[in-house]
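Visitor: Structure below; questions to follow.
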Amino acid sequence: MADKLDETQINPENEGAEETEEIPDVLNLLPLRDTVLFPAAVLPLNIGRESSVKLIDDTVTEGTRIIATAALKDATVDEPKEGDLYPVGSAVVIRMMLKMPDGVRLMVQGLRRFRILEVLQTQPFLRARIELINNDQEVAPEDATRVEALRRAVGDVFKKVVSLSPNLPDELAGMVEAVGEGGVLADMVSAHVPFATNQKQELLETLSVPDRLARLLSILNHEAEVLELSSRIQGEVREELNKTQREYFLREQMKAIQRELGDTDDRTEEIEELRARIEESGMPAEARKEADRELDRLKRMPPQAAEYTVSRTYLDWLVSIPWQTSTEDNLDIPHVKEVLDEDHYGLEKIKDRLLEFLAVRKFKRDGHVRQPILCFVGPPGVGKTSLAKSIARGIGRKFVRMSLGGMRDEAEIRGHRRTYVGALPGQIIQGIRRAESNNPVMVLDEVDKIGMDFRGDPTAALLEVLDPEQNNAFRDHYLDVPFDLSETLFITTANMLDPVPGPLRDRMEVIELAGYTEEEKVQIAVRHLIPKQIVEHGLEPGEEGDSARVTFEPDAIRHLVQGYTREAGVRNLERQIAAVCRKATRRFAEGLEDNVNVTVKVVEEYLGAPAFEQEDLRERVRTPGVATGLAWTPVGGEVLYVEALAMPGDKGLQITGQLGDVMRESAQAALSWVRAHQAELGIPDTFFQNHELHLHVPAGAVPKDGPSAGVTMATAIASLATGRPTHPMQAMTGEISLTGRVLPIGGVKEKVLAAHRAGVRTVILPERNRKDYDEDVPVEIRRDLTIYYAREIPQVLGWAIETPSVL
């Protein structure tokens, strides 16, 4: 269905004003395809041609509502000119206009006949000079009786046509008594009865009332004969249908006789099989009632009927859903923990949350236990989906995965109603059926990438699915009976929470998965990635006791992590390990080697020079005006640098590096604070008056935003103004206020891990982020770092900028 883009309705208070206003002799000319408009008739028009749409817009914009209309001689002409139009047309007034995506809808009323004298323009639409014609020539006294007779005859035949035609409303028959003038009646009847365009044009050009009525009477009589013949043919078809129905009734009687004799047919067996499956399905009362009703309907329906397959498919879905079938949870908590640890290294928070749920199930055996709705949020490649699969394996449930990325149709969740051809249940019910269990672990992957359009918003449909208070009676549009989803363990995954609507986010228990540390990546490679790739490349030992044909040295694995990947997860690390295995497999295939021990040298031989070199922070910050900051990205933390430069001038501050509005405001706040405290910082009084500052954050092709670089910008400006460089091997993060306070930020774990990867050993954090650092950052990382917690900017500058004595 088309969306309504704009709607303009002409003021109804002006209706009838055209009869008292003079019709201009120059009007916009609208060509009509297969349509002839008559005076006094009110008809709808569909305008699709671009030039015609412009004509209507121009007419309404100028304030007039009167246009000229003329029929096309050839309806296939796309760009009509003067010679393509009939010379006589009707001036009409626009009563209503409705703009649609595919054009314009009009409601117009005819006013007067006219003759085209001259076409004044052809682009962008036609405009012509016209001569008005009286709608009816004056009837001579001697013709009055003939006109009345013709008027009555036309009225009688028109009533007959209305009664026979299925497309004409019965109310039109009353028009005959309402219209007394012969000419007006002829125009009104001609406008409503469907016949050829050339015949209608002939009636429009006939000004003599007796001649027009006579010609119309001839056309109506022919139309009535055609309609009578069509009605007779339809009656014969109806009789044939009645005969078919009689045969069906007799055939059903024969089936009843066969059942009495014990001679049943295949269809009877099919019905009985469905009835038995309904009995065995254990569906609740409401679903059972609907299934019995549909089965009785199917029984009375002939197999040739179009609805038979629809009804049969619906019953198949009802009986194949696991209404009462479920798997028993494995409540052996040590065993479940062993399975989770076997599949995933780390991720202790998620494992603890799941084990807590199982502990509740173990002690509360009676009554309903609410299933948690978990949402795993983290960068790509950290194991969100695979962790959900491991959870299903650990507790002994079936696993179903449903990808939501790019989904735009609400019916994908709730299903289509059975009135649609090819309708099916939504993905939720289909997943339950595939699992053959009513309590699977169902993963809704990429919940942050759902779209929406005119077909609905899938996130709104998920509100019921993921609400423990409502999903015990989830009603799919196709099934149209409630299904209990409260036993299903739903797990959603997302890379970012921002795109997820607030009401949906409120229904989920969010668990964040940050990026892995270097040591965690090494352990994951040793325990999971390398054994997996060895098996996939056919490099496992041939017999029990044989050694693996490919072995990795610990230093080689660490070199792969440091030099060939720069990510929060481990997907790219797995690709690099697979590349090494492929190279080794080729050497085995060529007979060059029997075993390969992968060292640092072998890694560089197979993969080339490292893609990521460790940057020397000492070289980066050796000059005043450069400070090292930390940033959060959807794929983990990053180290960024803020560079400040002073130039002669007094234009203030330039900011580059594709920074967002929030980050630009942080730069302005940093500059304002430094200028307000320049005496305390030892900055010369005329420094800011005589210099223009340029603040730049490298990697200018990457958009950056957020307030957490405030302390870094203030440090860079203070370092530049005092002429003292910042300490090397040090990074910082924190938002600043104009009063000099250091405010908390997010993504502490990701930022600290990025600093550690880059070789930073001293980090300055806001005081209010102390708890985040203590809780989220692994112990092995904390051992390598020195952390300063700042409340005020002077503390940051004291730790970050070297003192003159050092210089």
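Residue numbers start at 1 in each chain; chains themselves are named A, B, ... in the order of the structure tokens; ligands are numbered from 1 in the order shown.
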Find the spatial neighbours of A:Ala578, counting only C-alpha atoms, within a cut-off of 7 Å - ignore same-chain residues fewer than 4 positions away - and output them as a list in words.
Guide: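 Here the qualifying residues turn out to be Gln533, Glu574 and Arg582 of chain A.
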Visitor: Excluding A:Tyr516 and its own-chain neighbours fewer than 6 positions away, which residues fall within 12 Å of it when counting only C-alpha atoms? Please give them as a VMD selection string.
Guide: chain A and resid 344 to 347 378 to 383 522 to 525 561 566 to 571 573 635 to 637 749 to 754 756 to 757 776 to 778 781
Visitor: If you run DSSP on the backbone here, which positions in stretch 626-671 of chain A get alpha helix (DSSP H)? Please write them as a list of chain:residue names.
Guide: A:Asp661, A:Val662, A:Met663, A:Arg664, A:Glu665, A:Ser666, A:Ala667, A:Gln668, A:Ala669, A:Ala670, A:Leu671
Visitor: Using N, CA, C and O atoms, can you write the selected residues to a file as a PDB file, in the first residue's frame?
Guide:
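What follows is the written file part_34.pdb:
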```pdb
ATOM      1  N   ASP A 661      31.293  16.912  17.699  1.00  0.00           N
ATOM      2  CA  ASP A 661      30.948  18.118  18.461  1.00  0.00           C
ATOM      3  C   ASP A 661      31.380  18.016  19.921  1.00  0.00           C
ATOM      4  O   ASP A 661      31.883  18.983  20.501  1.00  0.00           O
ATOM      5  N   VAL A 662      31.176  16.852  20.537  1.00  0.00           N
ATOM      6  CA  VAL A 662      31.524  16.698  21.956  1.00  0.00           C
ATOM      7  C   VAL A 662      33.026  16.859  22.155  1.00  0.00           C
ATOM      8  O   VAL A 662      33.486  17.518  23.097  1.00  0.00           O
ATOM      9  N   MET A 663      33.812  16.275  21.256  1.00  0.00           N
ATOM     10  CA  MET A 663      35.259  16.359  21.387  1.00  0.00           C
ATOM     11  C   MET A 663      35.749  17.788  21.133  1.00  0.00           C
ATOM     12  O   MET A 663      36.697  18.255  21.777  1.00  0.00           O
ATOM     13  N   ARG A 664      35.110  18.500  20.221  1.00  0.00           N
ATOM     14  CA  ARG A 664      35.477  19.900  19.981  1.00  0.00           C
ATOM     15  C   ARG A 664      35.179  20.758  21.213  1.00  0.00           C
ATOM     16  O   ARG A 664      35.959  21.644  21.573  1.00  0.00           O
ATOM     17  N   GLU A 665      34.047  20.492  21.853  1.00  0.00           N
ATOM     18  CA  GLU A 665      33.719  21.240  23.068  1.00  0.00           C
ATOM     19  C   GLU A 665      34.721  20.939  24.177  1.00  0.00           C
ATOM     20  O   GLU A 665      35.064  21.824  24.975  1.00  0.00           O
ATOM     21  N   SER A 666      35.202  19.685  24.243  1.00  0.00           N
ATOM     22  CA  SER A 666      36.223  19.347  25.238  1.00  0.00           C
ATOM     23  C   SER A 666      37.503  20.144  24.991  1.00  0.00           C
ATOM     24  O   SER A 666      38.164  20.604  25.932  1.00  0.00           O
ATOM     25  N   ALA A 667      37.864  20.313  23.702  1.00  0.00           N
ATOM     26  CA  ALA A 667      39.057  21.097  23.375  1.00  0.00           C
ATOM     27  C   ALA A 667      38.888  22.553  23.806  1.00  0.00           C
ATOM     28  O   ALA A 667      39.817  23.174  24.350  1.00  0.00           O
ATOM     29  N   GLN A 668      37.713  23.124  23.569  1.00  0.00           N
ATOM     30  CA  GLN A 668      37.466  24.509  23.984  1.00  0.00           C
ATOM     31  C   GLN A 668      37.531  24.646  25.505  1.00  0.00           C
ATOM     32  O   GLN A 668      38.093  25.602  26.043  1.00  0.00           O
ATOM     33  N   ALA A 669      36.959  23.643  26.212  1.00  0.00           N
ATOM     34  CA  ALA A 669      37.000  23.681  27.678  1.00  0.00           C
ATOM     35  C   ALA A 669      38.435  23.562  28.185  1.00  0.00           C
ATOM     36  O   ALA A 669      38.837  24.247  29.142  1.00  0.00           O
ATOM     37  N   ALA A 670      39.243  22.705  27.536  1.00  0.00           N
ATOM     38  CA  ALA A 670      40.646  22.551  27.945  1.00  0.00           C
ATOM     39  C   ALA A 670      41.419  23.855  27.751  1.00  0.00           C
ATOM     40  O   ALA A 670      42.182  24.287  28.631  1.00  0.00           O
ATOM     41  N   LEU A 671      41.217  24.502  26.596  1.00  0.00           N
ATOM     42  CA  LEU A 671      41.913  25.764  26.333  1.00  0.00           C
ATOM     43  C   LEU A 671      41.485  26.843  27.327  1.00  0.00           C
ATOM     44  O   LEU A 671      42.326  27.590  27.848  1.00  0.00           O
TER      45      LEU A 671
END
```
Visitor: Got a sec: who's within 10 Å of A:Gln678, counting only C-alpha atoms, leaving out chain neighbours fewer than 4 positions off, as a PyMOL selection string?
Guide: chain A and resi 672-674+682-685+687-688+718+721-722
Visitor: When you count only C-alpha atoms, which of these residues is closest to A:Met402: A:Val443, A:Ala435, A:Ala494, A:Ile130?
Guide: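 Between A:Val443, A:Ala435, A:Ala494, A:Ile130, the residue approaching A:Met402 most closely is A:Val443.
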Visitor: Could you pull out all residues of stretch 467-620 of chain A with a DSSP call of strand (DSSP E or B) and give them as a ChimeraX atom specification?
Guide: /A:474-475,482-483,489-494,509-512,550-552,596-598
Visitor: So that I can see what lies close to stretch 316-320 of chain A, please list as an MDAnalysis selection string the residues with an atom at most 12 Å from it, counting only C-alpha atoms and leaving out residues fewer than 2 positions away in the same chain.
Guide: chainID A and resid 270:271 273:284 286:292 294:295 309:314 322:325 423:426 429:430 432:438 476 478:483
Visitor: Which residues, written as a list in words, have at least one atom at most 8 Å from stretch 495-507 of chain A, with only C-alpha atoms counted and residues fewer than 6 positions away on the same chain left out?
Guide: Ile373, Val377, Gly378, Pro379, Pro380, Glu446, Val447, Asp448, Lys449, Thr459, Ala460, Leu462, Leu463, Leu466, Asp467 and Pro634 of chain A
Visitor: Mind dumping the selected residues with N, CA, C and O atoms as a short mmCIF file (atom, residue, chain, number, x, y, z; two decimals), in the first residue's frame?
Guide:
```cif
data_model
loop_
_atom_site.label_atom_id
_atom_site.label_comp_id
_atom_site.auth_asym_id
_atom_site.auth_seq_id
_atom_site.Cartn_x
_atom_site.Cartn_y
_atom_site.Cartn_z
N ILE A 373 16.92 -13.26 30.78
CA ILE A 373 17.06 -12.76 29.41
C ILE A 373 18.41 -12.06 29.36
O ILE A 373 18.57 -10.94 29.84
N VAL A 377 27.14 -8.13 25.21
CA VAL A 377 27.56 -6.97 24.43
C VAL A 377 29.09 -6.95 24.40
O VAL A 377 29.73 -7.03 25.46
N GLY A 378 29.66 -6.84 23.22
CA GLY A 378 31.11 -6.79 23.12
C GLY A 378 31.57 -6.70 21.69
O GLY A 378 30.77 -6.82 20.75
N PRO A 379 32.85 -6.46 21.49
CA PRO A 379 33.40 -6.33 20.13
C PRO A 379 33.26 -7.63 19.35
O PRO A 379 33.04 -8.70 19.93
N PRO A 380 33.42 -7.57 18.03
CA PRO A 380 33.37 -8.80 17.23
C PRO A 380 34.52 -9.74 17.60
O PRO A 380 35.63 -9.30 17.88
N GLU A 446 22.93 -10.39 16.84
CA GLU A 446 23.02 -9.04 16.26
C GLU A 446 21.74 -8.25 16.48
O GLU A 446 21.15 -7.70 15.56
N VAL A 447 21.29 -8.18 17.73
CA VAL A 447 20.04 -7.46 18.02
C VAL A 447 20.20 -5.96 17.81
O VAL A 447 19.20 -5.24 17.67
N ASP A 448 21.44 -5.47 17.74
CA ASP A 448 21.65 -4.04 17.51
C ASP A 448 21.61 -3.66 16.04
O ASP A 448 21.74 -2.48 15.70
N LYS A 449 21.41 -4.63 15.16
CA LYS A 449 21.43 -4.34 13.72
C LYS A 449 20.07 -4.55 13.08
O LYS A 449 19.95 -4.75 11.87
N THR A 459 11.87 -4.72 16.49
CA THR A 459 12.22 -4.56 17.90
C THR A 459 10.97 -4.42 18.76
O THR A 459 10.97 -4.83 19.92
N ALA A 460 9.91 -3.81 18.21
CA ALA A 460 8.66 -3.70 18.97
C ALA A 460 8.04 -5.07 19.19
O ALA A 460 7.46 -5.35 20.25
N LEU A 462 9.74 -7.80 19.50
CA LEU A 462 10.57 -8.50 20.47
C LEU A 462 10.25 -8.11 21.91
O LEU A 462 10.66 -8.81 22.84
N LEU A 463 9.56 -6.99 22.10
CA LEU A 463 9.24 -6.55 23.47
C LEU A 463 8.43 -7.62 24.20
O LEU A 463 8.64 -7.86 25.39
N LEU A 466 10.69 -10.99 24.76
CA LEU A 466 11.75 -10.93 25.77
C LEU A 466 11.26 -10.39 27.11
O LEU A 466 12.08 -9.99 27.93
N ASP A 467 9.97 -10.36 27.33
CA ASP A 467 9.43 -9.91 28.61
C ASP A 467 8.93 -11.13 29.39
O ASP A 467 7.94 -11.76 29.01
N PRO A 634 34.13 0.36 19.13
CA PRO A 634 33.32 -0.87 19.19
C PRO A 634 34.12 -2.15 19.09
O PRO A 634 33.64 -3.21 19.42
#
```
Visitor: Rank nothing, just name the residue among A:Gly415, A:Pro610, A:Pro303, A:Pro794 nearest to A:Ala461, using only C-alpha atoms.
Guide: A:Gly415
Visitor: Between A:Asn221, A:Thr419, A:Ser90, A:Gln123, which residue has the minimum interatomic distance to A:Gln201, considering only C-alpha atoms?
Guide: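 Counting only C-alpha atoms, the residue closest to A:Gln201 is A:Ser90.
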Visitor: Taking only C-alpha atoms into account, which of A:Thr551, A:Gln427, A:Gln234, A:Thr712 comes nearest A:Val598?
Guide: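 Among A:Thr551, A:Gln427, A:Gln234, A:Thr712, it is A:Thr551 that comes nearest to A:Val598.
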Visitor: Atom CA of A:Thr61 and atom CA of A:Leu27 are how many Å apart?
Guide: 14.0 Å
Visitor: Give the answer as one residue: which of A:Ile67, A:Val60, A:Leu331, A:Ala514 has the shortest atom-to-atom distance to A:Arg129, using only C-alpha atoms?
Guide: A:Ile67
Visitor: Would you mind listing what lies within 7 Å of A:Ala214 as a list in words, with only C-alpha atoms counted and same-chain residues fewer than 4 positions away left out?
Guide: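 Counting only the stated atoms, we get Leu150, Pro210 and Ser218 of chain A.
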